[in-house]
Amino acid sequence: MTDDRLRHLLGIEDLSAIRAEQILRSAEAFHEVSRRPVRKVPTLRGKTVINVFYEASTRTRTSFELAGKRLSADVVNISGSSSSTTKGESLRDTVSTLDAMQPDVLVLRHHASGAAHYIAQHTRAAVVNAGDGMHQHPTQALLDAFTIRRHLGADLRGAKVVICGDILHSRVARSNTLLLKLLGAEVCLAGPRTLLPHRPDALGVKVFDRIEPALEGADVVMVLRIQRERLGAPLLPALREYARYFGLNARRLALAKPTAIVMHPGPMNRGVEINEDIADGPRSVILDQVEAGVAVRMAVLYHCASEPGAELS
Ligand code: CP
């Protein structure tokens with residue numbers, strides 16, 4: 001049960017190590033609920049969750065909807081393309097309009113970095129950031145940590161996690177780096193120099209412009225998508241060249257620990273950042289990540305909206 005609600009989840013900075021641990025533990029209970037024949041508990045009965053998605057999504061959107069429904073909340077989904085945004089309504093007016101309907105949680109995906117912080121100033125509901133531009137994707141980081149713990153054990157101190165690919169444009173990389181460091185893991189970032197962060201020292205991580213030295217001794221290899229839609233300037237000569245020098249293949253994966261797991265937040269560019277045989281191979285936990293997404297989002301909604309003392313299930 002939780003006695004102190006999470007006001008918002010806008011970024012990993014909203015979490016202490018203790019709160020992150022509480023959410024991950026609640027997610028364990030909800031993971032079990034999601035494997036029952038009847039996958040529903042009354043925990044958020046009478047609560048309202050509105051999912052507002054201005055950007056395309058398969059995993060995050062579906063799992064937030066399932067999470068709310070499995071907790072018995074009333075769930076409403078709005079997409080940018082079918083909302084009054086297409087008639088010129090501003091984000092501020094959309095949020096004020098939704099706020100007047102007394103939701104308990106607003107889940108927002110938006111193409112603009114900072115959009116979740118912005119709407120949090122204009123609603124009484126708890127706001128959960130479901131991905132804002134190139135900024136953060138905190139529930140993705142929580143589900144990734146949840147998945148890693150299920151494979152490596154609950155104590156991540158000293159575990160080596162290598163995040164490979166388009167780090168510069170990745171909200172997943174930023175949220176994962178912050179959360180994994182909070183949980184005590186060693187984080188390494190690897191990618192072409194043009195797709196690495198400009199100030200890696202500020203993140204407190206090791207940065208590599210080749211993938212091979214980064215992979216040595218890794219416990220976890222997290223591969224990121226090349227975000228073609230965010231590659232404004234020509235930062236990469238060609239995707240074929242990227243695959244040749246940075247794509248995860250069997251030869252490169254052999255540099256990691258024999259027990260290392262392979263992760264990808266999805267959607268994947270098969271044959272670009274990850275080879276087919278690795279994506280579908282025995283060390284891939286990519287579909288475990290998807291399953292974890294429902295449990296972790298149930299836990300986040302529970303921590304944002306449950307009544308004090310409410311049981312998990
Ligand atoms: N990982 C992730 O955010 O996937 P979607 O864009 O499909 O939600």
# chains A, B, ... in the order shown; residues from 1 in each chain; ligands from 1

call {"tool": "residues_around", "arguments": {"residues": "region 92-100 of chain A", "least_positions_apart": "4", "cutoff": "12 Å", "atoms": "only C-alpha atoms", "output": "PyMOL selection string"}}
result
chain A and resi 48-52+54+76-80+83-88+104-108+115-127

call {"tool": "closest_atom_pairs", "arguments": {"of": "chain A", "to": "ligand 1", "cutoff": "9 Å", "atoms": "only C-alpha atoms and all ligand atoms", "output": "JSON lines"}}
result
{"residue": "A:Glu55", "atom": "CA", "partner": "ligand 1", "partner_atom_place_in_ligand_line": "6 (O)", "distance": 8.1}
{"residue": "A:Ala56", "atom": "CA", "partner": "ligand 1", "partner_atom_place_in_ligand_line": "6 (O)", "distance": 6.2}
{"residue": "A:Ser57", "atom": "CA", "partner": "ligand 1", "partner_atom_place_in_ligand_line": "8 (O)", "distance": 3.8}
{"residue": "A:Thr58", "atom": "CA", "partner": "ligand 1", "partner_atom_place_in_ligand_line": "7 (O)", "distance": 3.6}
{"residue": "A:Arg59", "atom": "CA", "partner": "ligand 1", "partner_atom_place_in_ligand_line": "7 (O)", "distance": 4.0}
{"residue": "A:Thr60", "atom": "CA", "partner": "ligand 1", "partner_atom_place_in_ligand_line": "8 (O)", "distance": 3.7}
{"residue": "A:Arg61", "atom": "CA", "partner": "ligand 1", "partner_atom_place_in_ligand_line": "8 (O)", "distance": 5.8}
{"residue": "A:Thr62", "atom": "CA", "partner": "ligand 1", "partner_atom_place_in_ligand_line": "8 (O)", "distance": 7.9}
{"residue": "A:Ser63", "atom": "CA", "partner": "ligand 1", "partner_atom_place_in_ligand_line": "8 (O)", "distance": 8.5}
{"residue": "A:Arg109", "atom": "CA", "partner": "ligand 1", "partner_atom_place_in_ligand_line": "8 (O)", "distance": 8.9}
{"residue": "A:Ala130", "atom": "CA", "partner": "ligand 1", "partner_atom_place_in_ligand_line": "3 (O)", "distance": 7.5}
{"residue": "A:Gly131", "atom": "CA", "partner": "ligand 1", "partner_atom_place_in_ligand_line": "3 (O)", "distance": 6.9}
{"residue": "A:His137", "atom": "CA", "partner": "ligand 1", "partner_atom_place_in_ligand_line": "3 (O)", "distance": 7.4}
{"residue": "A:Thr139", "atom": "CA", "partner": "ligand 1", "partner_atom_place_in_ligand_line": "3 (O)", "distance": 8.9}
{"residue": "A:Gln140", "atom": "CA", "partner": "ligand 1", "partner_atom_place_in_ligand_line": "1 (N)", "distance": 6.4}
{"residue": "A:Val172", "atom": "CA", "partner": "ligand 1", "partner_atom_place_in_ligand_line": "1 (N)", "distance": 7.9}
{"residue": "A:His264", "atom": "CA", "partner": "ligand 1", "partner_atom_place_in_ligand_line": "1 (N)", "distance": 8.1}
{"residue": "A:Pro265", "atom": "CA", "partner": "ligand 1", "partner_atom_place_in_ligand_line": "1 (N)", "distance": 4.3}
{"residue": "A:Gly266", "atom": "CA", "partner": "ligand 1", "partner_atom_place_in_ligand_line": "1 (N)", "distance": 4.8}
{"residue": "A:Pro267", "atom": "CA", "partner": "ligand 1", "partner_atom_place_in_ligand_line": "4 (O)", "distance": 5.9}
{"residue": "A:Val290", "atom": "CA", "partner": "ligand 1", "partner_atom_place_in_ligand_line": "1 (N)", "distance": 8.3}

call {"tool": "write_last_selection", "arguments": {"atoms": "all heavy atoms", "output": "compact mmCIF listing (two decimals), in the first residue's frame"}}
result
# COMPACT_ATOMS: atom_id res chain seq x y z
N GLU A 55 1.91 11.91 -30.38
CA GLU A 55 2.94 11.26 -31.20
C GLU A 55 2.58 9.79 -31.32
O GLU A 55 1.98 9.23 -30.40
CB GLU A 55 4.29 11.35 -30.47
CG GLU A 55 5.38 12.07 -31.22
CD GLU A 55 6.74 11.90 -30.54
OE1 GLU A 55 6.91 11.06 -29.64
OE2 GLU A 55 7.64 12.64 -30.95
N ALA A 56 3.03 9.16 -32.40
CA ALA A 56 2.73 7.75 -32.61
C ALA A 56 3.30 6.89 -31.49
O ALA A 56 4.34 7.22 -30.91
CB ALA A 56 3.33 7.30 -33.94
N SER A 57 2.59 5.81 -31.17
CA SER A 57 3.05 4.89 -30.12
C SER A 57 2.26 3.60 -30.25
O SER A 57 1.05 3.63 -30.47
CB SER A 57 2.81 5.50 -28.74
OG SER A 57 2.98 4.52 -27.73
N THR A 58 2.95 2.49 -30.10
CA THR A 58 2.26 1.20 -29.99
C THR A 58 2.36 0.71 -28.55
O THR A 58 1.34 0.45 -27.88
CB THR A 58 2.89 0.16 -30.94
OG1 THR A 58 2.72 0.63 -32.28
CG2 THR A 58 2.23 -1.20 -30.80
N ARG A 59 3.59 0.60 -28.04
CA ARG A 59 3.81 -0.04 -26.73
C ARG A 59 3.30 0.82 -25.57
O ARG A 59 2.54 0.35 -24.72
CB ARG A 59 5.31 -0.28 -26.53
CG ARG A 59 5.87 -1.30 -27.44
CD ARG A 59 7.34 -1.01 -27.76
NE ARG A 59 7.70 -1.69 -28.97
CZ ARG A 59 7.39 -1.24 -30.19
NH1 ARG A 59 6.77 -0.10 -30.35
NH2 ARG A 59 7.71 -1.95 -31.25
N THR A 60 3.72 2.08 -25.55
CA THR A 60 3.42 2.94 -24.40
C THR A 60 1.92 3.19 -24.31
O THR A 60 1.31 3.07 -23.23
CB THR A 60 4.19 4.27 -24.54
OG1 THR A 60 5.54 3.98 -24.88
CG2 THR A 60 4.15 5.05 -23.25
N ARG A 61 1.32 3.49 -25.43
CA ARG A 61 -0.11 3.81 -25.43
C ARG A 61 -0.95 2.59 -25.03
O ARG A 61 -1.84 2.67 -24.17
CB ARG A 61 -0.51 4.30 -26.82
CG ARG A 61 -1.94 4.70 -26.89
CD ARG A 61 -2.28 5.24 -28.26
NE ARG A 61 -3.72 5.36 -28.33
CZ ARG A 61 -4.35 6.31 -28.98
NH1 ARG A 61 -3.69 7.24 -29.62
NH2 ARG A 61 -5.65 6.36 -29.00
N THR A 62 -0.66 1.45 -25.64
CA THR A 62 -1.45 0.25 -25.33
C THR A 62 -1.26 -0.16 -23.89
O THR A 62 -2.21 -0.55 -23.20
CB THR A 62 -1.03 -0.91 -26.26
OG1 THR A 62 -1.06 -0.44 -27.61
CG2 THR A 62 -1.96 -2.10 -26.12
N SER A 63 -0.02 -0.09 -23.41
CA SER A 63 0.23 -0.56 -22.04
C SER A 63 -0.35 0.39 -21.00
O SER A 63 -0.82 -0.06 -19.95
CB SER A 63 1.72 -0.83 -21.81
OG SER A 63 2.46 0.33 -22.05
N ARG A 109 2.03 11.95 -24.16
CA ARG A 109 3.17 11.83 -25.10
C ARG A 109 3.10 13.01 -26.04
O ARG A 109 2.04 13.30 -26.61
CB ARG A 109 3.14 10.53 -25.88
CG ARG A 109 4.18 10.57 -27.00
CD ARG A 109 4.49 9.26 -27.60
NE ARG A 109 5.25 8.42 -26.70
CZ ARG A 109 5.84 7.30 -27.09
NH1 ARG A 109 5.77 6.91 -28.34
NH2 ARG A 109 6.51 6.56 -26.24
N ALA A 130 4.83 10.34 -20.89
CA ALA A 130 4.94 9.10 -21.67
C ALA A 130 5.90 9.29 -22.84
O ALA A 130 5.83 8.57 -23.84
CB ALA A 130 3.56 8.68 -22.17
N GLY A 131 6.82 10.26 -22.70
CA GLY A 131 7.80 10.55 -23.75
C GLY A 131 7.59 11.95 -24.28
O GLY A 131 6.54 12.21 -24.87
N HIS A 137 11.69 9.74 -20.97
CA HIS A 137 10.66 8.70 -21.10
C HIS A 137 10.77 7.86 -19.82
O HIS A 137 11.26 6.73 -19.84
CB HIS A 137 10.95 7.87 -22.35
CG HIS A 137 9.83 7.00 -22.82
ND1 HIS A 137 8.68 6.77 -22.09
CD2 HIS A 137 9.69 6.28 -23.97
CE1 HIS A 137 7.88 5.95 -22.77
NE2 HIS A 137 8.47 5.64 -23.91
N THR A 139 8.81 6.18 -17.75
CA THR A 139 8.24 4.83 -17.53
C THR A 139 8.98 3.78 -18.35
O THR A 139 9.01 2.61 -17.98
CB THR A 139 6.72 4.78 -17.81
OG1 THR A 139 6.46 5.17 -19.16
CG2 THR A 139 5.95 5.68 -16.85
N GLN A 140 9.59 4.18 -19.48
CA GLN A 140 10.42 3.23 -20.24
C GLN A 140 11.64 2.84 -19.40
O GLN A 140 12.00 1.66 -19.31
CB GLN A 140 10.88 3.87 -21.56
CG GLN A 140 11.80 2.97 -22.39
CD GLN A 140 11.07 1.78 -23.01
OE1 GLN A 140 9.98 1.94 -23.54
NE2 GLN A 140 11.67 0.59 -22.95
N VAL A 172 14.97 7.87 -24.18
CA VAL A 172 15.14 6.60 -23.46
C VAL A 172 16.53 6.55 -22.83
O VAL A 172 16.69 6.15 -21.67
CB VAL A 172 14.93 5.40 -24.42
CG1 VAL A 172 15.22 4.09 -23.72
CG2 VAL A 172 13.50 5.41 -24.96
N HIS A 264 15.98 -3.73 -26.22
CA HIS A 264 15.68 -2.69 -27.22
C HIS A 264 14.31 -2.14 -26.84
O HIS A 264 13.36 -2.91 -26.66
CB HIS A 264 15.67 -3.27 -28.63
CG HIS A 264 15.66 -2.24 -29.73
ND1 HIS A 264 14.72 -1.24 -29.81
CD2 HIS A 264 16.51 -2.04 -30.78
CE1 HIS A 264 14.98 -0.48 -30.87
NE2 HIS A 264 16.06 -0.94 -31.47
N PRO A 265 14.16 -0.80 -26.72
CA PRO A 265 12.85 -0.27 -26.31
C PRO A 265 11.77 -0.40 -27.39
O PRO A 265 10.59 -0.30 -27.09
CB PRO A 265 13.14 1.21 -26.03
CG PRO A 265 14.36 1.52 -26.86
CD PRO A 265 15.16 0.26 -26.91
N GLY A 266 12.22 -0.64 -28.66
CA GLY A 266 11.28 -0.69 -29.76
C GLY A 266 10.79 0.71 -30.13
O GLY A 266 10.86 1.62 -29.29
N PRO A 267 10.29 0.89 -31.34
CA PRO A 267 10.31 -0.08 -32.43
C PRO A 267 11.72 -0.25 -32.99
O PRO A 267 12.53 0.67 -32.91
CB PRO A 267 9.37 0.55 -33.47
CG PRO A 267 9.38 2.02 -33.17
CD PRO A 267 9.63 2.18 -31.71
N VAL A 290 8.31 -5.52 -23.09
CA VAL A 290 6.93 -5.13 -23.43
C VAL A 290 5.97 -5.58 -22.33
O VAL A 290 5.11 -4.81 -21.87
CB VAL A 290 6.52 -5.73 -24.79
CG1 VAL A 290 5.07 -5.39 -25.10
CG2 VAL A 290 7.43 -5.22 -25.91

call {"tool": "residues_around", "arguments": {"residues": "region 299-302 of chain A", "least_positions_apart": "3", "cutoff": "8 Å", "atoms": "only C-alpha atoms", "output": "PyMOL selection string"}}
result
chain A and resi 23-24+26-27+30+43-44+67-68+105+139+295-296+305-306+312

call {"tool": "residues_around", "arguments": {"residues": "region 175-180 of chain A", "least_positions_apart": "2", "cutoff": "8 Å", "atoms": "only C-alpha atoms", "output": "PDB file with N, CA, C and O atoms, in the first residue's frame"}}
result
ATOM      1  N   GLY A  11       9.944  13.232 -15.033  1.00  0.00           N
ATOM      2  CA  GLY A  11      11.290  12.766 -15.381  1.00  0.00           C
ATOM      3  C   GLY A  11      11.813  11.955 -14.211  1.00  0.00           C
ATOM      4  O   GLY A  11      11.191  11.910 -13.147  1.00  0.00           O
ATOM      5  N   ILE A  12      12.959  11.331 -14.409  1.00  0.00           N
ATOM      6  CA  ILE A  12      13.522  10.491 -13.344  1.00  0.00           C
ATOM      7  C   ILE A  12      13.904  11.335 -12.125  1.00  0.00           C
ATOM      8  O   ILE A  12      13.922  10.841 -10.993  1.00  0.00           O
ATOM      9  N   GLU A  13      14.141  12.637 -12.324  1.00  0.00           N
ATOM     10  CA  GLU A  13      14.464  13.505 -11.175  1.00  0.00           C
ATOM     11  C   GLU A  13      13.324  13.541 -10.161  1.00  0.00           C
ATOM     12  O   GLU A  13      13.534  13.938  -9.016  1.00  0.00           O
ATOM     13  N   GLN A 136      12.719  13.065 -22.033  1.00  0.00           N
ATOM     14  CA  GLN A 136      12.687  11.900 -21.126  1.00  0.00           C
ATOM     15  C   GLN A 136      11.531  10.962 -21.447  1.00  0.00           C
ATOM     16  O   GLN A 136      10.529  11.354 -22.075  1.00  0.00           O
ATOM     17  N   HIS A 137      11.687   9.741 -20.968  1.00  0.00           N
ATOM     18  CA  HIS A 137      10.660   8.699 -21.101  1.00  0.00           C
ATOM     19  C   HIS A 137      10.774   7.859 -19.822  1.00  0.00           C
ATOM     20  O   HIS A 137      11.264   6.729 -19.842  1.00  0.00           O
ATOM     21  N   PRO A 138      10.317   8.441 -18.695  1.00  0.00           N
ATOM     22  CA  PRO A 138      10.628   7.798 -17.403  1.00  0.00           C
ATOM     23  C   PRO A 138      10.019   6.414 -17.202  1.00  0.00           C
ATOM     24  O   PRO A 138      10.650   5.564 -16.557  1.00  0.00           O
ATOM     25  N   GLN A 140       9.592   4.184 -19.479  1.00  0.00           N
ATOM     26  CA  GLN A 140      10.418   3.234 -20.240  1.00  0.00           C
ATOM     27  C   GLN A 140      11.636   2.836 -19.398  1.00  0.00           C
ATOM     28  O   GLN A 140      11.996   1.659 -19.312  1.00  0.00           O
ATOM     29  N   ALA A 141      12.242   3.827 -18.729  1.00  0.00           N
ATOM     30  CA  ALA A 141      13.407   3.513 -17.887  1.00  0.00           C
ATOM     31  C   ALA A 141      13.004   2.597 -16.735  1.00  0.00           C
ATOM     32  O   ALA A 141      13.740   1.659 -16.392  1.00  0.00           O
ATOM     33  N   LEU A 142      11.835   2.843 -16.148  1.00  0.00           N
ATOM     34  CA  LEU A 142      11.390   1.984 -15.038  1.00  0.00           C
ATOM     35  C   LEU A 142      11.132   0.561 -15.518  1.00  0.00           C
ATOM     36  O   LEU A 142      11.497  -0.410 -14.850  1.00  0.00           O
ATOM     37  N   ASP A 144      12.526  -0.857 -18.046  1.00  0.00           N
ATOM     38  CA  ASP A 144      13.825  -1.446 -18.376  1.00  0.00           C
ATOM     39  C   ASP A 144      14.533  -1.913 -17.097  1.00  0.00           C
ATOM     40  O   ASP A 144      15.090  -3.017 -17.055  1.00  0.00           O
ATOM     41  N   ALA A 145      14.500  -1.083 -16.058  1.00  0.00           N
ATOM     42  CA  ALA A 145      15.125  -1.482 -14.780  1.00  0.00           C
ATOM     43  C   ALA A 145      14.432  -2.720 -14.213  1.00  0.00           C
ATOM     44  O   ALA A 145      15.080  -3.636 -13.689  1.00  0.00           O
ATOM     45  N   LEU A 156      21.277  -3.834  -8.431  1.00  0.00           N
ATOM     46  CA  LEU A 156      21.958  -3.494  -9.698  1.00  0.00           C
ATOM     47  C   LEU A 156      23.312  -2.817  -9.463  1.00  0.00           C
ATOM     48  O   LEU A 156      23.980  -2.429 -10.438  1.00  0.00           O
ATOM     49  N   ARG A 171      15.361  10.066 -25.691  1.00  0.00           N
ATOM     50  CA  ARG A 171      14.794  10.287 -24.353  1.00  0.00           C
ATOM     51  C   ARG A 171      14.937   9.023 -23.512  1.00  0.00           C
ATOM     52  O   ARG A 171      15.015   9.078 -22.288  1.00  0.00           O
ATOM     53  N   VAL A 172      14.968   7.873 -24.179  1.00  0.00           N
ATOM     54  CA  VAL A 172      15.136   6.599 -23.462  1.00  0.00           C
ATOM     55  C   VAL A 172      16.531   6.545 -22.830  1.00  0.00           C
ATOM     56  O   VAL A 172      16.692   6.148 -21.669  1.00  0.00           O
ATOM     57  N   ALA A 173      17.549   6.964 -23.581  1.00  0.00           N
ATOM     58  CA  ALA A 173      18.921   6.947 -23.050  1.00  0.00           C
ATOM     59  C   ALA A 173      19.039   7.875 -21.843  1.00  0.00           C
ATOM     60  O   ALA A 173      19.642   7.516 -20.829  1.00  0.00           O
ATOM     61  N   LEU A 182      20.970   5.968 -10.429  1.00  0.00           N
ATOM     62  CA  LEU A 182      20.297   6.069  -9.124  1.00  0.00           C
ATOM     63  C   LEU A 182      20.273   4.703  -8.426  1.00  0.00           C
ATOM     64  O   LEU A 182      20.385   4.612  -7.207  1.00  0.00           O
ATOM     65  N   LEU A 183      20.143   3.641  -9.222  1.00  0.00           N
ATOM     66  CA  LEU A 183      20.064   2.282  -8.662  1.00  0.00           C
ATOM     67  C   LEU A 183      21.454   1.649  -8.500  1.00  0.00           C
ATOM     68  O   LEU A 183      21.563   0.491  -8.098  1.00  0.00           O
ATOM     69  N   GLY A 184      22.512   2.392  -8.854  1.00  0.00           N
ATOM     70  CA  GLY A 184      23.874   1.924  -8.584  1.00  0.00           C
ATOM     71  C   GLY A 184      24.573   1.221  -9.719  1.00  0.00           C
ATOM     72  O   GLY A 184      25.695   0.727  -9.550  1.00  0.00           O
ATOM     73  N   ALA A 185      23.962   1.169 -10.916  1.00  0.00           N
ATOM     74  CA  ALA A 185      24.604   0.482 -12.045  1.00  0.00           C
ATOM     75  C   ALA A 185      25.684   1.379 -12.663  1.00  0.00           C
ATOM     76  O   ALA A 185      25.677   2.602 -12.498  1.00  0.00           O
ATOM     77  N   GLU A 186      26.615   0.707 -13.374  1.00  0.00           N
ATOM     78  CA  GLU A 186      27.615   1.440 -14.165  1.00  0.00           C
ATOM     79  C   GLU A 186      27.048   1.581 -15.574  1.00  0.00           C
ATOM     80  O   GLU A 186      26.652   0.584 -16.184  1.00  0.00           O
ATOM     81  N   VAL A 187      26.979   2.817 -16.086  1.00  0.00           N
ATOM     82  CA  VAL A 187      26.376   3.048 -17.400  1.00  0.00           C
ATOM     83  C   VAL A 187      27.445   3.508 -18.386  1.00  0.00           C
ATOM     84  O   VAL A 187      28.225   4.420 -18.089  1.00  0.00           O
ATOM     85  N   LEU A 203      26.629  13.861 -17.369  1.00  0.00           N
ATOM     86  CA  LEU A 203      25.833  12.664 -17.069  1.00  0.00           C
ATOM     87  C   LEU A 203      26.576  11.715 -16.128  1.00  0.00           C
ATOM     88  O   LEU A 203      25.970  10.809 -15.549  1.00  0.00           O
TER      89      LEU A 203
END

call {"tool": "closest_residue", "arguments": {"among": "A:Leu10, A:Met268, A:Leu239, A:Ile167", "to": "Leu196 (chain A)", "atoms": "only C-alpha atoms"}}
result
A:Ile167

call {"tool": "closest_residue", "arguments": {"among": "A:Met298, A:Ala260, A:Met134, A:Ala243", "to": "Ala73 (chain A)", "atoms": "only C-alpha atoms"}}
result
A:Met298

call {"tool": "closest_residue", "arguments": {"among": "A:Leu66, A:Ile226, A:Gly114, A:Glu21", "to": "Ser34 (chain A)", "atoms": "only C-alpha atoms"}}
result
A:Leu66

call {"tool": "decode", "arguments": {"residues": "region 67-76 of chain A", "atoms": "all heavy atoms", "output": "mmCIF file, in the first residue's frame"}}
result
data_model
loop_
_atom_site.group_PDB
_atom_site.id
_atom_site.type_symbol
_atom_site.label_atom_id
_atom_site.label_comp_id
_atom_site.auth_asym_id
_atom_site.auth_seq_id
_atom_site.Cartn_x
_atom_site.Cartn_y
_atom_site.Cartn_z
ATOM 1 N N ALA A 67 -3.012 -0.870 -18.468
ATOM 2 C CA ALA A 67 -2.678 -0.677 -17.046
ATOM 3 C C ALA A 67 -3.863 -0.054 -16.307
ATOM 4 O O ALA A 67 -4.281 -0.537 -15.245
ATOM 5 C CB ALA A 67 -1.436 0.200 -16.913
ATOM 6 N N GLY A 68 -4.416 1.016 -16.880
ATOM 7 C CA GLY A 68 -5.557 1.666 -16.235
ATOM 8 C C GLY A 68 -6.745 0.731 -16.129
ATOM 9 O O GLY A 68 -7.405 0.648 -15.078
ATOM 10 N N LYS A 69 -7.017 -0.011 -17.200
ATOM 11 C CA LYS A 69 -8.180 -0.912 -17.202
ATOM 12 C C LYS A 69 -7.984 -2.069 -16.230
ATOM 13 O O LYS A 69 -8.919 -2.491 -15.553
ATOM 14 C CB LYS A 69 -8.442 -1.419 -18.620
ATOM 15 C CG LYS A 69 -9.021 -0.311 -19.507
ATOM 16 C CD LYS A 69 -9.286 -0.763 -20.911
ATOM 17 C CE LYS A 69 -10.056 0.343 -21.671
ATOM 18 N NZ LYS A 69 -10.154 0.060 -23.107
ATOM 19 N N ARG A 70 -6.770 -2.601 -16.158
ATOM 20 C CA ARG A 70 -6.533 -3.708 -15.212
ATOM 21 C C ARG A 70 -6.634 -3.241 -13.765
ATOM 22 O O ARG A 70 -6.867 -4.036 -12.869
ATOM 23 C CB ARG A 70 -5.174 -4.356 -15.492
ATOM 24 C CG ARG A 70 -5.229 -5.178 -16.764
ATOM 25 C CD ARG A 70 -3.952 -5.926 -17.081
ATOM 26 N NE ARG A 70 -4.104 -6.544 -18.403
ATOM 27 C CZ ARG A 70 -3.168 -7.208 -19.049
ATOM 28 N NH1 ARG A 70 -1.980 -7.362 -18.494
ATOM 29 N NH2 ARG A 70 -3.400 -7.721 -20.239
ATOM 30 N N LEU A 71 -6.499 -1.927 -13.542
ATOM 31 C CA LEU A 71 -6.669 -1.383 -12.184
ATOM 32 C C LEU A 71 -8.105 -0.915 -11.953
ATOM 33 O O LEU A 71 -8.406 -0.330 -10.910
ATOM 34 C CB LEU A 71 -5.712 -0.205 -11.980
ATOM 35 C CG LEU A 71 -4.217 -0.557 -11.925
ATOM 36 C CD1 LEU A 71 -3.364 0.705 -12.031
ATOM 37 C CD2 LEU A 71 -3.884 -1.302 -10.636
ATOM 38 N N SER A 72 -8.996 -1.144 -12.924
ATOM 39 C CA SER A 72 -10.417 -0.778 -12.846
ATOM 40 C C SER A 72 -10.671 0.724 -12.906
ATOM 41 O O SER A 72 -11.753 1.193 -12.521
ATOM 42 C CB SER A 72 -11.090 -1.345 -11.579
ATOM 43 O OG SER A 72 -10.963 -2.738 -11.541
ATOM 44 N N ALA A 73 -9.692 1.511 -13.367
ATOM 45 C CA ALA A 73 -9.929 2.945 -13.555
ATOM 46 C C ALA A 73 -10.782 3.149 -14.813
ATOM 47 O O ALA A 73 -10.860 2.277 -15.682
ATOM 48 C CB ALA A 73 -8.599 3.680 -13.712
ATOM 49 N N ASP A 74 -11.432 4.323 -14.902
ATOM 50 C CA ASP A 74 -12.073 4.719 -16.163
ATOM 51 C C ASP A 74 -10.977 5.324 -17.023
ATOM 52 O O ASP A 74 -10.286 6.257 -16.593
ATOM 53 C CB ASP A 74 -13.175 5.752 -15.901
ATOM 54 C CG ASP A 74 -14.291 5.152 -15.039
ATOM 55 O OD1 ASP A 74 -14.726 4.036 -15.366
ATOM 56 O OD2 ASP A 74 -14.670 5.785 -14.047
ATOM 57 N N VAL A 75 -10.817 4.783 -18.232
ATOM 58 C CA VAL A 75 -9.694 5.190 -19.093
ATOM 59 C C VAL A 75 -10.231 5.786 -20.385
ATOM 60 O O VAL A 75 -11.095 5.199 -21.037
ATOM 61 C CB VAL A 75 -8.785 3.977 -19.424
ATOM 62 C CG1 VAL A 75 -7.624 4.413 -20.313
ATOM 63 C CG2 VAL A 75 -8.270 3.323 -18.149
ATOM 64 N N VAL A 76 -9.710 6.963 -20.739
ATOM 65 C CA VAL A 76 -10.082 7.622 -21.987
ATOM 66 C C VAL A 76 -8.798 7.873 -22.773
ATOM 67 O O VAL A 76 -7.791 8.287 -22.195
ATOM 68 C CB VAL A 76 -10.788 8.978 -21.707
ATOM 69 C CG1 VAL A 76 -11.134 9.681 -23.010
ATOM 70 C CG2 VAL A 76 -12.030 8.773 -20.851
#
